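Student: I'm passing along run-v8.pdb; it holds PDB, C-alpha atoms.
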MODEL        1
ATOM      1  CA  MET A   1     -81.656 121.473  54.227
ATOM      2  CA  PRO A   2     -83.888 118.392  53.865
ATOM      3  CA  LYS A   3     -83.207 115.487  56.192
ATOM      4  CA  THR A   4     -83.068 111.912  54.969
ATOM      5  CA  SER A   5     -82.673 108.795  57.039
ATOM      6  CA  ILE A   6     -80.463 106.004  55.683
ATOM      7  CA  SER A   7     -79.384 102.570  56.848
ATOM      8  CA  ILE A   8     -75.756 101.559  56.393
ATOM      9  CA  SER A   9     -73.745  98.436  57.076
ATOM     10  CA  ASP A  10     -71.382  98.104  60.015
ATOM     11  CA  HIS A  11     -68.507  98.398  57.558
ATOM     12  CA  PHE A  12     -69.560 101.844  56.341
ATOM     13  CA  ASP A  13     -70.491 102.951  59.846
ATOM     14  CA  GLY A  14     -66.927 102.130  60.877
ATOM     15  CA  PHE A  15     -65.540 103.910  57.846
ATOM     16  CA  ILE A  16     -67.506 107.046  58.685
ATOM     17  CA  ALA A  17     -66.342 106.876  62.298
ATOM     18  CA  THR A  18     -62.721 106.532  61.144
ATOM     19  CA  GLN A  19     -63.019 109.550  58.845
ATOM     20  CA  ILE A  20     -64.343 111.621  61.742
ATOM     21  CA  ALA A  21     -61.750 110.266  64.210
ATOM     22  CA  ASP A  22     -58.953 111.051  61.744
ATOM     23  CA  GLY A  23     -60.166 114.640  61.602
ATOM     24  CA  ARG A  24     -61.026 114.599  57.927
ATOM     25  CA  TYR A  25     -64.658 115.428  58.648
ATOM     26  CA  ASP A  26     -66.573 116.765  61.635
ATOM     27  CA  THR A  27     -69.825 114.870  61.153
ATOM     28  CA  ALA A  28     -71.277 111.808  59.466
ATOM     29  CA  SER A  29     -73.289 114.141  57.236
ATOM     30  CA  GLU A  30     -70.073 115.692  55.914
ATOM     31  CA  VAL A  31     -68.702 112.227  55.076
ATOM     32  CA  ILE A  32     -71.907 111.280  53.264
ATOM     33  CA  ARG A  33     -71.978 114.568  51.311
ATOM     34  CA  ALA A  34     -68.344 114.052  50.251
ATOM     35  CA  ALA A  35     -69.154 110.506  49.160
ATOM     36  CA  LEU A  36     -72.160 111.696  47.176
ATOM     37  CA  ARG A  37     -70.083 114.391  45.453
ATOM     38  CA  LEU A  38     -67.573 111.718  44.395
ATOM     39  CA  LEU A  39     -70.366 109.436  43.181
ATOM     40  CA  GLU A  40     -71.945 112.298  41.254
ATOM     41  CA  ALA A  41     -68.613 113.139  39.573
ATOM     42  CA  HIS A  42     -68.057 109.456  38.782
ATOM     43  CA  GLU A  43     -71.523 109.166  37.222
ATOM     44  CA  MET A  44     -70.988 112.300  35.118
ATOM     45  CA  ASP A  45     -67.652 110.915  33.890
ATOM     46  CA  TYR A  46     -69.260 107.548  33.138
ATOM     47  CA  LYS A  47     -72.059 109.177  31.137
ATOM     48  CA  ALA A  48     -69.566 111.310  29.195
ATOM     49  CA  LYS A  49     -67.530 108.207  28.327
ATOM     50  CA  GLN A  50     -70.691 106.368  27.278
ATOM     51  CA  ALA A  51     -71.660 109.246  24.995
ATOM     52  CA  ALA A  52     -68.175 109.345  23.471
ATOM     53  CA  LEU A  53     -68.298 105.595  22.848
ATOM     54  CA  ARG A  54     -71.702 105.888  21.185
ATOM     55  CA  ILE A  55     -70.379 108.621  18.902
ATOM     56  CA  ALA A  56     -67.276 106.573  18.076
ATOM     57  CA  LEU A  57     -69.443 103.539  17.362
ATOM     58  CA  MET A  58     -71.706 105.523  15.029
ATOM     59  CA  GLU A  59     -68.666 107.020  13.276
ATOM     60  CA  GLY A  60     -67.136 103.573  12.916
ATOM     61  CA  GLU A  61     -70.335 102.094  11.532
ATOM     62  CA  ALA A  62     -70.639 104.982   9.069
ATOM     63  CA  SER A  63     -67.038 104.729   7.881
ATOM     64  CA  GLU A  64     -65.837 102.611   5.025
ATOM     65  CA  ASP A  65     -64.206  99.264   5.617
ATOM     66  CA  SER A  66     -60.531  99.454   6.475
ATOM     67  CA  LEU A  67     -57.890  97.803   4.356
ATOM     68  CA  LEU A  68     -55.810  97.292   7.503
ATOM     69  CA  THR A  69     -55.798  94.130   9.557
ATOM     70  CA  PHE A  70     -56.750  94.173  13.225
ATOM     71  CA  ASP A  71     -53.082  93.729  14.212
ATOM     72  CA  GLU A  72     -52.057  96.676  12.021
ATOM     73  CA  ILE A  73     -54.708  98.872  13.628
ATOM     74  CA  ILE A  74     -53.534  97.902  17.133
ATOM     75  CA  THR A  75     -49.884  98.515  16.228
ATOM     76  CA  SER A  76     -50.751 101.931  14.799
ATOM     77  CA  ALA A  77     -52.722 102.864  17.923
ATOM     78  CA  LYS A  78     -49.823 101.808  20.165
ATOM     79  CA  GLN A  79     -47.395 103.885  18.096
ATOM     80  CA  LYS A  80     -49.647 106.943  18.292
ATOM     81  CA  ARG A  81     -49.989 106.504  22.054
ATOM     82  CA  ALA A  82     -46.204 106.217  22.430
ATOM     83  CA  VAL A  83     -45.731 109.451  20.470
ATOM     84  CA  LYS A  84     -48.278 111.254  22.667
ATOM     85  CA  ARG A  85     -46.540 110.022  25.822
ATOM     86  CA  ALA A  86     -43.166 111.127  24.479
ATOM     87  CA  ASP A  87     -44.552 114.626  23.873
ATOM     88  CA  VAL A  88     -45.620 114.961  27.518
TER      89      VAL A  88
ENDMDL
END
Represent the structure contained in this file as structure tokens.

Tutor:
Amino acid sequence: MPKTSISISDHFDGFIATQIADGRYDTASEVIRAALRLLEAHEMDYKAKQAALRIALMEGEASEDSLLTFDEIITSAKQKRAVKRADV
């Protein structure tokens, strides 16, 4: 496994020490790997949401103008969300 040297603030050094002291991890490397896995998952989620927004934007730009007002669109969206929540 490649080795990399990093510099961290006192805050994160303390956080790592606390994670080890609490028994969640055995080493600082384990804490850093867990943090990187979370960051990687977060970045993947962010990119997926960005892609979905781009698609929605393109679909919206390609669609015809709506005859509904902004308030009517918001009310409809809230009603649909309430129905989905009621189904759960």

Student: When you draw a straight line from atom CA of Gly60 of chain A to atom CA of Ser76 of chain A, how long is it in Å?

Tutor: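 Going from atom CA of Gly60 of chain A over to atom CA of Ser76 of chain A, I get 16.6 Å.
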
Student: Could you please determine the separation between atom CA of Ile20 of chain A and atom CA of Met1 of chain A in Å, to one decimal place?

Tutor: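 Computing it gives 21.3 Å between the two atoms.
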
Student: What does the distance from atom CA of Asp22 of chain A to atom CA of Asp10 of chain A come to in Å, to one decimal?

Tutor: 18.0 Å

Student: Expanded to explicit residues, what is the PyMOL selection byres ((chain A and resi 28) around 12) for this file, as a count of residues only?

Tutor: 24
